[in-house]
>>> print(open('start.tsv').read())   # TSV, N, CA and C atoms
chain	number	residue	atom	x	y	z
A	1027	MET	N	-23.10	17.13	-0.69
A	1027	MET	CA	-21.69	16.77	-0.69
A	1027	MET	C	-20.95	17.69	0.27
A	1028	ALA	N	-20.06	17.12	1.05
A	1028	ALA	CA	-19.32	17.88	2.06
A	1028	ALA	C	-18.25	18.74	1.40
A	1029	GLU	N	-17.99	19.86	2.04
A	1029	GLU	CA	-16.93	20.75	1.57
A	1029	GLU	C	-15.57	20.11	1.78
A	1030	PRO	N	-14.61	20.27	0.86
A	1030	PRO	CA	-13.27	19.72	1.10
A	1030	PRO	C	-12.58	20.48	2.24
A	1031	LEU	N	-11.81	19.76	3.02
A	1031	LEU	CA	-11.08	20.39	4.11
A	1031	LEU	C	-9.80	21.01	3.58
A	1032	ILE	N	-9.50	22.20	4.03
A	1032	ILE	CA	-8.29	22.88	3.60
A	1032	ILE	C	-7.46	23.14	4.84
A	1033	PHE	N	-6.19	22.73	4.78
A	1033	PHE	CA	-5.29	22.89	5.91
A	1033	PHE	C	-4.22	23.91	5.58
A	1034	SER	N	-3.83	24.67	6.56
A	1034	SER	CA	-2.65	25.52	6.42
A	1034	SER	C	-1.49	24.76	7.05
A	1035	LYS	N	-0.30	25.32	6.96
A	1035	LYS	CA	0.86	24.64	7.55
A	1035	LYS	C	0.71	24.46	9.05
A	1036	LYS	N	0.01	25.37	9.70
A	1036	LYS	CA	-0.15	25.27	11.15
A	1036	LYS	C	-1.21	24.26	11.55
A	1037	THR	N	-2.22	24.04	10.71
A	1037	THR	CA	-3.32	23.16	11.10
A	1037	THR	C	-3.26	21.79	10.45
A	1038	ALA	N	-2.32	21.56	9.55
A	1038	ALA	CA	-2.24	20.27	8.87
A	1038	ALA	C	-1.86	19.19	9.86
A	1039	PRO	N	-2.46	18.01	9.74
A	1039	PRO	CA	-2.13	16.93	10.66
A	1039	PRO	C	-0.68	16.47	10.51
A	1040	TYR	N	-0.16	16.48	9.29
A	1040	TYR	CA	1.22	16.07	9.07
A	1040	TYR	C	1.66	16.58	7.70
A	1041	LEU	N	2.81	17.19	7.65
A	1041	LEU	CA	3.37	17.65	6.38
A	1041	LEU	C	4.66	16.88	6.12
A	1042	PRO	N	4.68	16.01	5.12
A	1042	PRO	CA	5.89	15.24	4.85
A	1042	PRO	C	7.02	16.14	4.34
A	1043	MET	N	8.25	15.73	4.64
A	1043	MET	CA	9.38	16.52	4.15
A	1043	MET	C	9.59	16.24	2.67
A	1044	LYS	N	10.07	17.24	1.95
A	1044	LYS	CA	10.36	17.06	0.54
A	1044	LYS	C	11.65	16.26	0.41
A	1045	MET	N	11.62	15.27	-0.47
A	1045	MET	CA	12.79	14.41	-0.61
A	1045	MET	C	13.31	14.47	-2.04
A	1046	SER	N	14.62	14.54	-2.16
A	1046	SER	CA	15.28	14.50	-3.46
A	1046	SER	C	15.23	13.07	-3.99
A	1047	PRO	N	15.53	12.86	-5.28
A	1047	PRO	CA	15.55	11.49	-5.80
A	1047	PRO	C	16.50	10.57	-5.03
A	1048	ARG	N	17.64	11.10	-4.61
A	1048	ARG	CA	18.58	10.28	-3.84
A	1048	ARG	C	18.00	9.92	-2.49
A	1049	SER	N	17.34	10.88	-1.84
A	1049	SER	CA	16.69	10.59	-0.55
A	1049	SER	C	15.58	9.56	-0.72
A	1050	GLN	N	14.84	9.65	-1.81
A	1050	GLN	CA	13.77	8.68	-2.06
A	1050	GLN	C	14.34	7.28	-2.27
A	1051	ARG	N	15.45	7.19	-3.00
A	1051	ARG	CA	16.09	5.89	-3.22
A	1051	ARG	C	16.56	5.29	-1.90
A	1052	LEU	N	17.19	6.12	-1.08
A	1052	LEU	CA	17.68	5.67	0.22
A	1052	LEU	C	16.51	5.26	1.12
A	1053	ALA	N	15.42	6.02	1.09
A	1053	ALA	CA	14.24	5.68	1.89
A	1053	ALA	C	13.69	4.32	1.48
A	1054	GLY	N	13.69	4.01	0.20
A	1054	GLY	CA	13.21	2.72	-0.28
A	1054	GLY	C	14.06	1.57	0.24
A	1055	ILE	N	15.39	1.76	0.23
A	1055	ILE	CA	16.30	0.72	0.74
A	1055	ILE	C	16.08	0.52	2.24
A	1056	ILE	N	15.98	1.63	2.97
A	1056	ILE	CA	15.79	1.55	4.42
A	1056	ILE	C	14.47	0.88	4.75
A	1057	GLU	N	13.41	1.24	4.04
A	1057	GLU	CA	12.09	0.65	4.29
A	1057	GLU	C	12.13	-0.86	4.06
A	1058	GLU	N	12.90	-1.28	3.07
A	1058	GLU	CA	13.01	-2.70	2.76
A	1058	GLU	C	13.81	-3.46	3.84
A	1059	LYS	N	14.89	-2.88	4.33
A	1059	LYS	CA	15.81	-3.59	5.24
A	1059	LYS	C	15.47	-3.44	6.72
A	1060	ILE	N	14.79	-2.36	7.09
A	1060	ILE	CA	14.61	-2.06	8.51
A	1060	ILE	C	13.79	-3.14	9.23
A	1061	SER	N	12.81	-3.71	8.56
A	1061	SER	CA	11.98	-4.72	9.22
A	1061	SER	C	12.79	-5.97	9.56
A	1062	LEU	N	13.73	-6.32	8.69
A	1062	LEU	CA	14.59	-7.47	8.98
A	1062	LEU	C	15.51	-7.20	10.16
A	1063	ILE	N	16.02	-5.98	10.23
A	1063	ILE	CA	16.94	-5.60	11.30
A	1063	ILE	C	16.21	-5.52	12.64
A	1064	LEU	N	14.98	-5.00	12.63
A	1064	LEU	CA	14.24	-4.83	13.88
A	1064	LEU	C	13.95	-6.16	14.58
A	1065	GLN	N	13.88	-7.23	13.83
A	1065	GLN	CA	13.61	-8.54	14.42
A	1065	GLN	C	14.70	-8.96	15.41
A	1066	HIS	N	15.91	-8.43	15.24
A	1066	HIS	CA	17.02	-8.78	16.13
A	1066	HIS	C	17.02	-7.98	17.43
A	1067	TYR	N	16.34	-6.85	17.46
A	1067	TYR	CA	16.46	-5.95	18.60
A	1067	TYR	C	15.21	-5.81	19.46
A	1068	VAL	N	14.05	-6.15	18.94
A	1068	VAL	CA	12.83	-6.06	19.75
A	1068	VAL	C	11.99	-7.32	19.53
A	1069	THR	N	11.18	-7.65	20.54
A	1069	THR	CA	10.32	-8.81	20.46
A	1069	THR	C	8.85	-8.35	20.40
A	1070	PRO	N	7.96	-9.20	19.90
A	1070	PRO	CA	6.54	-8.82	19.89
A	1070	PRO	C	5.99	-8.55	21.29
A	1071	ASP	N	6.58	-9.12	22.33
A	1071	ASP	CA	6.13	-8.84	23.70
A	1071	ASP	C	6.37	-7.38	24.06
A	1072	GLU	N	7.48	-6.81	23.58
A	1072	GLU	CA	7.83	-5.43	23.90
A	1072	GLU	C	7.03	-4.41	23.09
A	1073	VAL	N	6.84	-4.70	21.79
A	1073	VAL	CA	6.29	-3.68	20.90
A	1073	VAL	C	5.05	-4.12	20.13
A	1074	GLY	N	4.64	-5.37	20.25
A	1074	GLY	CA	3.53	-5.87	19.45
A	1074	GLY	C	4.02	-6.21	18.05
A	1075	PHE	N	3.10	-6.29	17.11
A	1075	PHE	CA	3.47	-6.58	15.73
A	1075	PHE	C	3.60	-5.26	14.98
A	1076	LEU	N	4.81	-4.97	14.56
A	1076	LEU	CA	5.11	-3.67	13.94
A	1076	LEU	C	4.89	-3.68	12.44
A	1077	THR	N	4.49	-2.53	11.93
A	1077	THR	CA	4.39	-2.29	10.50
A	1077	THR	C	5.11	-0.99	10.20
A	1078	VAL	N	6.04	-1.05	9.25
A	1078	VAL	CA	6.72	0.16	8.80
A	1078	VAL	C	5.80	0.81	7.76
A	1079	ARG	N	5.26	1.98	8.09
A	1079	ARG	CA	4.31	2.66	7.20
A	1079	ARG	C	5.02	3.48	6.14
A	1080	SER	N	6.03	4.23	6.54
A	1080	SER	CA	6.78	5.03	5.57
A	1080	SER	C	8.12	5.43	6.18
A	1081	VAL	N	9.02	5.81	5.29
A	1081	VAL	CA	10.36	6.26	5.70
A	1081	VAL	C	10.64	7.55	4.96
A	1082	GLU	N	11.13	8.54	5.69
A	1082	GLU	CA	11.50	9.82	5.09
A	1082	GLU	C	12.94	10.13	5.45
A	1083	VAL	N	13.70	10.61	4.48
A	1083	VAL	CA	15.11	10.92	4.66
A	1083	VAL	C	15.31	12.40	4.41
A	1084	SER	N	16.05	13.06	5.29
A	1084	SER	CA	16.31	14.50	5.11
A	1084	SER	C	17.21	14.73	3.90
A	1085	GLY	N	17.25	15.96	3.44
A	1085	GLY	CA	18.02	16.31	2.25
A	1085	GLY	C	19.50	16.03	2.38
A	1086	ASP	N	20.05	16.20	3.58
A	1086	ASP	CA	21.48	15.95	3.77
A	1086	ASP	C	21.78	14.50	4.13
A	1087	LEU	N	20.74	13.65	4.11
A	1087	LEU	CA	20.83	12.21	4.41
A	1087	LEU	C	21.26	11.94	5.85
A	1088	GLY	N	21.14	12.92	6.72
A	1088	GLY	CA	21.60	12.77	8.10
A	1088	GLY	C	20.53	12.29	9.07
A	1089	ILE	N	19.26	12.48	8.71
A	1089	ILE	CA	18.16	12.11	9.61
A	1089	ILE	C	17.16	11.26	8.84
A	1090	VAL	N	16.75	10.17	9.45
A	1090	VAL	CA	15.75	9.28	8.86
A	1090	VAL	C	14.58	9.16	9.83
A	1091	ASP	N	13.40	9.54	9.37
A	1091	ASP	CA	12.18	9.37	10.14
A	1091	ASP	C	11.49	8.10	9.68
A	1092	ILE	N	11.25	7.20	10.62
A	1092	ILE	CA	10.60	5.93	10.31
A	1092	ILE	C	9.25	5.93	11.01
A	1093	PHE	N	8.18	5.95	10.22
A	1093	PHE	CA	6.82	5.98	10.76
A	1093	PHE	C	6.30	4.56	10.86
A	1094	MET	N	5.86	4.20	12.08
A	1094	MET	CA	5.47	2.81	12.36
A	1094	MET	C	4.11	2.77	13.05
A	1095	SER	N	3.48	1.62	12.89
A	1095	SER	CA	2.26	1.35	13.65
A	1095	SER	C	2.43	-0.01	14.31
A	1096	SER	N	1.66	-0.24	15.37
A	1096	SER	CA	1.78	-1.48	16.13
A	1096	SER	C	0.39	-2.05	16.41
A	1097	ILE	N	0.31	-3.36	16.31
A	1097	ILE	CA	-0.93	-4.05	16.66
A	1097	ILE	C	-0.62	-4.94	17.86
A	1098	GLY	N	-1.41	-4.79	18.91
A	1098	GLY	CA	-1.27	-5.64	20.07
A	1098	GLY	C	-0.10	-5.29	20.97
A	1099	GLY	N	0.46	-4.12	20.80
A	1099	GLY	CA	1.58	-3.71	21.63
A	1099	GLY	C	1.19	-2.60	22.58
A	1100	PRO	N	2.12	-2.17	23.41
A	1100	PRO	CA	1.82	-1.07	24.32
A	1100	PRO	C	1.63	0.24	23.55
A	1101	ARG	N	1.02	1.19	24.19
A	1101	ARG	CA	0.76	2.49	23.54
A	1101	ARG	C	2.07	3.19	23.17
A	1102	ASP	N	3.08	3.06	24.03
A	1102	ASP	CA	4.37	3.69	23.76
A	1102	ASP	C	5.36	2.63	23.26
A	1103	PHE	N	5.14	2.14	22.07
A	1103	PHE	CA	6.02	1.10	21.52
A	1103	PHE	C	7.29	1.68	20.91
A	1104	VAL	N	7.38	2.98	20.84
A	1104	VAL	CA	8.54	3.62	20.20
A	1104	VAL	C	9.76	3.63	21.11
A	1105	SER	N	9.58	3.70	22.42
A	1105	SER	CA	10.74	3.82	23.32
A	1105	SER	C	11.71	2.64	23.25
A	1106	PRO	N	11.28	1.37	23.16
A	1106	PRO	CA	12.28	0.31	22.99
A	1106	PRO	C	13.04	0.43	21.67
A	1107	LEU	N	12.36	0.92	20.66
A	1107	LEU	CA	13.03	1.12	19.36
A	1107	LEU	C	14.06	2.24	19.47
A	1108	GLN	N	13.67	3.33	20.13
A	1108	GLN	CA	14.56	4.47	20.25
A	1108	GLN	C	15.78	4.14	21.10
A	1109	LYS	N	15.62	3.26	22.10
A	1109	LYS	CA	16.75	2.84	22.93
A	1109	LYS	C	17.82	2.14	22.09
A	1110	ASN	N	17.39	1.37	21.12
A	1110	ASN	CA	18.31	0.60	20.27
A	1110	ASN	C	18.61	1.28	18.94
A	1111	ALA	N	18.26	2.56	18.80
A	1111	ALA	CA	18.40	3.25	17.52
A	1111	ALA	C	19.85	3.26	17.02
A	1112	GLY	N	20.81	3.44	17.91
A	1112	GLY	CA	22.22	3.46	17.50
A	1112	GLY	C	22.67	2.13	16.93
A	1113	LYS	N	22.30	1.06	17.61
A	1113	LYS	CA	22.67	-0.28	17.14
A	1113	LYS	C	21.98	-0.60	15.82
A	1114	ILE	N	20.71	-0.21	15.72
A	1114	ILE	CA	19.95	-0.46	14.49
A	1114	ILE	C	20.56	0.32	13.34
A	1115	ALA	N	20.93	1.58	13.59
A	1115	ALA	CA	21.54	2.41	12.54
A	1115	ALA	C	22.87	1.83	12.09
A	1116	ARG	N	23.65	1.33	13.04
A	1116	ARG	CA	24.94	0.74	12.69
A	1116	ARG	C	24.76	-0.48	11.79
A	1117	GLU	N	23.79	-1.31	12.13
A	1117	GLU	CA	23.53	-2.49	11.30
A	1117	GLU	C	22.95	-2.09	9.93
A	1118	LEU	N	22.13	-1.07	9.93
A	1118	LEU	CA	21.55	-0.58	8.68
A	1118	LEU	C	22.62	-0.01	7.75
A	1119	SER	N	23.69	0.54	8.32
A	1119	SER	CA	24.76	1.15	7.51
A	1119	SER	C	25.47	0.13	6.62
A	1120	GLN	N	25.31	-1.15	6.91
A	1120	GLN	CA	25.91	-2.19	6.06
A	1120	GLN	C	25.19	-2.28	4.71
A	1121	PHE	N	23.94	-1.81	4.65
A	1121	PHE	CA	23.15	-1.91	3.44
A	1121	PHE	C	23.10	-0.63	2.63
A	1122	ILE	N	23.48	0.49	3.25
A	1122	ILE	CA	23.41	1.78	2.55
A	1122	ILE	C	24.80	2.36	2.39
A	1123	GLU	N	24.97	3.13	1.33
A	1123	GLU	CA	26.27	3.73	1.06
A	1123	GLU	C	26.18	5.24	1.27
A	1124	THR	N	26.47	5.66	2.49
A	1124	THR	CA	26.53	7.08	2.82
A	1124	THR	C	27.81	7.34	3.59
A	1125	ARG	N	28.23	8.58	3.62
A	1125	ARG	CA	29.48	8.91	4.32
A	1125	ARG	C	29.36	8.73	5.82
A	1126	ARG	N	28.17	9.03	6.34
A	1126	ARG	CA	27.97	8.87	7.77
A	1126	ARG	C	26.68	8.10	8.01
A	1127	VAL	N	26.58	7.53	9.16
A	1127	VAL	CA	25.40	6.76	9.52
A	1127	VAL	C	24.29	7.75	9.90
A	1128	PRO	N	23.12	7.67	9.26
A	1128	PRO	CA	22.05	8.63	9.60
A	1128	PRO	C	21.47	8.36	10.97
A	1129	LYS	N	20.96	9.42	11.58
A	1129	LYS	CA	20.28	9.30	12.88
A	1129	LYS	C	18.86	8.81	12.61
A	1130	LEU	N	18.46	7.76	13.31
A	1130	LEU	CA	17.12	7.21	13.14
A	1130	LEU	C	16.18	7.78	14.19
A	1131	ARG	N	15.01	8.22	13.72
A	1131	ARG	CA	13.97	8.69	14.62
A	1131	ARG	C	12.72	7.87	14.35
A	1132	PHE	N	12.31	7.07	15.31
A	1132	PHE	CA	11.11	6.25	15.17
A	1132	PHE	C	9.92	7.07	15.64
A	1133	LYS	N	8.87	7.07	14.83
A	1133	LYS	CA	7.68	7.86	15.15
A	1133	LYS	C	6.43	7.02	14.95
A	1134	ILE	N	5.41	7.35	15.71
A	1134	ILE	CA	4.13	6.66	15.57
A	1134	ILE	C	3.41	7.25	14.36
A	1135	ASP	N	2.96	6.38	13.47
A	1135	ASP	CA	2.23	6.81	12.29
A	1135	ASP	C	0.79	7.10	12.69
A	1136	LYS	N	0.38	8.33	12.53
A	1136	LYS	CA	-0.97	8.73	12.94
A	1136	LYS	C	-1.89	8.93	11.75
A	1137	SER	N	-1.50	8.47	10.58
A	1137	SER	CA	-2.31	8.71	9.39
A	1137	SER	C	-3.67	8.02	9.48
A	1138	VAL	N	-3.72	6.82	10.05
A	1138	VAL	CA	-5.01	6.11	10.17
A	1138	VAL	C	-5.92	6.88	11.11
A	1139	GLU	N	-5.37	7.34	12.25
A	1139	GLU	CA	-6.18	8.12	13.20
A	1139	GLU	C	-6.68	9.40	12.56
A	1140	ASN	N	-5.80	10.07	11.80
A	1140	ASN	CA	-6.18	11.32	11.15
A	1140	ASN	C	-7.28	11.09	10.10
A	1141	MET	N	-7.20	9.99	9.37
A	1141	MET	CA	-8.23	9.67	8.39
A	1141	MET	C	-9.57	9.42	9.07
A	1142	GLU	N	-9.54	8.73	10.21
A	1142	GLU	CA	-10.79	8.48	10.95
A	1142	GLU	C	-11.39	9.80	11.42
A	1143	LYS	N	-10.56	10.71	11.91
A	1143	LYS	CA	-11.05	12.02	12.36
A	1143	LYS	C	-11.67	12.79	11.19
A	1144	LEU	N	-11.00	12.75	10.04
A	1144	LEU	CA	-11.53	13.46	8.87
A	1144	LEU	C	-12.86	12.86	8.41
A	1145	ASN	N	-12.97	11.53	8.45
A	1145	ASN	CA	-14.22	10.89	8.07
A	1145	ASN	C	-15.35	11.27	9.02
A	1146	LYS	N	-15.04	11.39	10.32
A	1146	LYS	CA	-16.07	11.81	11.28
A	1146	LYS	C	-16.52	13.24	11.02
A	1147	ILE	N	-15.55	14.10	10.68
A	1147	ILE	CA	-15.87	15.50	10.42
A	1147	ILE	C	-16.75	15.62	9.17
A	1148	GLN	N	-16.40	14.84	8.15
A	1148	GLN	CA	-17.15	14.93	6.89
A	1148	GLN	C	-18.52	14.29	6.98
A	1149	SER	N	-18.72	13.38	7.92
A	1149	SER	CA	-20.03	12.70	8.03
A	1149	SER	C	-21.07	13.58	8.64
>>> encode(input="start.tsv", output="structure tokens")
Amino acid sequence: MAEPLIFSKKTAPYLPMKMSPRSQRLAGIIEEKISLILQHYVTPDEVGFLTVRSVEVSGDLGIVDIFMSSIGGPRDFVSPLQKNAGKIARELSQFIETRRVPKLRFKIDKSVENMEKLNKIQS
């Protein structure tokens, strides 16, 4: 049996931010609505078929990290999303009740790649 891998903060592939119950609730709403909103701003030709993997909201509700993966799209599918982030955030603000519109940061979800690397190491 292979030894379990132990990561420190410096070597961990990804450390999720800690979220309060309010941040978790907001992340759930954003995860539900963001896919509907994205259909208005990007096409499958630009980004491929997108999947929202997870959403994380900072403690002050000011920053939202949206982790996405793409099938059949270009390697850098995040840039068209980031170009329209302001418009997407404005439309998203209709569904969430916060004092200010959070800043959206679209990121490539690397969890599948990291799992494949871990499986290779353990084999």
>>> closest_atom_pairs(input="start.tsv", of="stretch 1042-1130 of chain A", to="stretch 1136-1145 of chain A", cutoff="8 Å", atoms="all atoms listed in the file", output="JSON lines")
{"residue": "A:Phe1093", "atom": "CA", "partner": "A:Lys1136", "partner_atom": "N", "distance": 7.1}
{"residue": "A:Met1094", "atom": "C", "partner": "A:Lys1136", "partner_atom": "N", "distance": 6.7}
{"residue": "A:Ser1095", "atom": "CA", "partner": "A:Lys1136", "partner_atom": "N", "distance": 7.3}
>>> atom_distance(input="start.tsv", atom1="atom CA of A:Val1104", atom2="atom CA of A:Arg1079")
13.7 Å
>>> axis_aligned_box(input="start.tsv", around="stretch 1048-1053 of chain A", padding_each_side="6 Å", output="AutoDock Vina command-line options")
--center_x 16.1 --center_y 7.7 --center_z -1.4 --size_x 16.9 --size_y 18.8 --size_z 18.5
>>> residues_around(input="start.tsv", residues="A:Phe1075", least_positions_apart="2", cutoff="9 Å", atoms="only C-alpha atoms", output="MDAnalysis selection string")
chainID A and resid 1069:1071 1073 1077 1095:1099
>>> closest_residue(input="start.tsv", among="A:Ile1063, A:Val1078, A:Leu1107, A:Val1083", to="A:Gln1050", atoms="only N, CA and C atoms")
A:Val1083
>>> atom_distance(input="start.tsv", atom1="atom C of A:Gly1112", atom2="atom C of A:Ile1055")
16.2 Å
>>> closest_residue(input="start.tsv", among="A:Val1068, A:Gly1054, A:Ser1084, A:Val1127", to="A:Pro1106", atoms="all atoms listed in the file")
A:Val1068
>>> atom_distance(input="start.tsv", atom1="atom CA of A:Arg1126", atom2="atom CA of A:Gly1088")
7.5 Å
>>> decode(input="start.tsv", residues="stretch 1099-1136 of chain A", atoms="C-alpha atoms", output="tab-separated table (two decimals), in the first residue's frame")
chain	number	residue	atom	x	y	z
A	1099	GLY	CA	-12.26	25.08	-26.09
A	1100	PRO	CA	-8.97	26.90	-26.32
A	1101	ARG	CA	-6.36	26.42	-23.60
A	1102	ASP	CA	-6.86	30.00	-22.40
A	1103	PHE	CA	-10.65	30.05	-22.15
A	1104	VAL	CA	-10.57	32.34	-19.12
A	1105	SER	CA	-9.63	35.56	-20.95
A	1106	PRO	CA	-12.99	36.06	-22.74
A	1107	LEU	CA	-14.71	35.51	-19.39
A	1108	GLN	CA	-12.41	37.94	-17.62
A	1109	LYS	CA	-13.03	40.59	-20.31
A	1110	ASN	CA	-16.76	40.47	-19.54
A	1111	ALA	CA	-16.38	40.07	-15.76
A	1112	GLY	CA	-17.80	43.53	-14.99
A	1113	LYS	CA	-20.91	42.99	-17.08
A	1114	ILE	CA	-21.37	39.48	-15.68
A	1115	ALA	CA	-21.01	40.77	-12.11
A	1116	ARG	CA	-23.55	43.52	-12.75
A	1117	GLU	CA	-26.08	41.02	-14.05
A	1118	LEU	CA	-25.31	38.64	-11.19
A	1119	SER	CA	-26.01	41.44	-8.67
A	1120	GLN	CA	-29.71	41.19	-9.58
A	1121	PHE	CA	-29.81	37.76	-7.91
A	1122	ILE	CA	-27.72	38.45	-4.81
A	1123	GLU	CA	-28.29	40.86	-1.96
A	1124	THR	CA	-24.99	42.49	-1.05
A	1125	ARG	CA	-24.06	46.11	-0.48
A	1126	ARG	CA	-21.57	46.09	-3.32
A	1127	VAL	CA	-21.09	44.00	-6.41
A	1128	PRO	CA	-18.31	41.44	-5.79
A	1129	LYS	CA	-15.29	41.26	-8.08
A	1130	LEU	CA	-15.37	38.08	-10.15
A	1131	ARG	CA	-12.18	36.15	-10.80
A	1132	PHE	CA	-12.48	33.28	-13.26
A	1133	LYS	CA	-9.90	30.53	-12.75
A	1134	ILE	CA	-9.08	27.26	-14.43
A	1135	ASP	CA	-9.99	24.31	-12.20
A	1136	LYS	CA	-6.92	22.11	-11.97
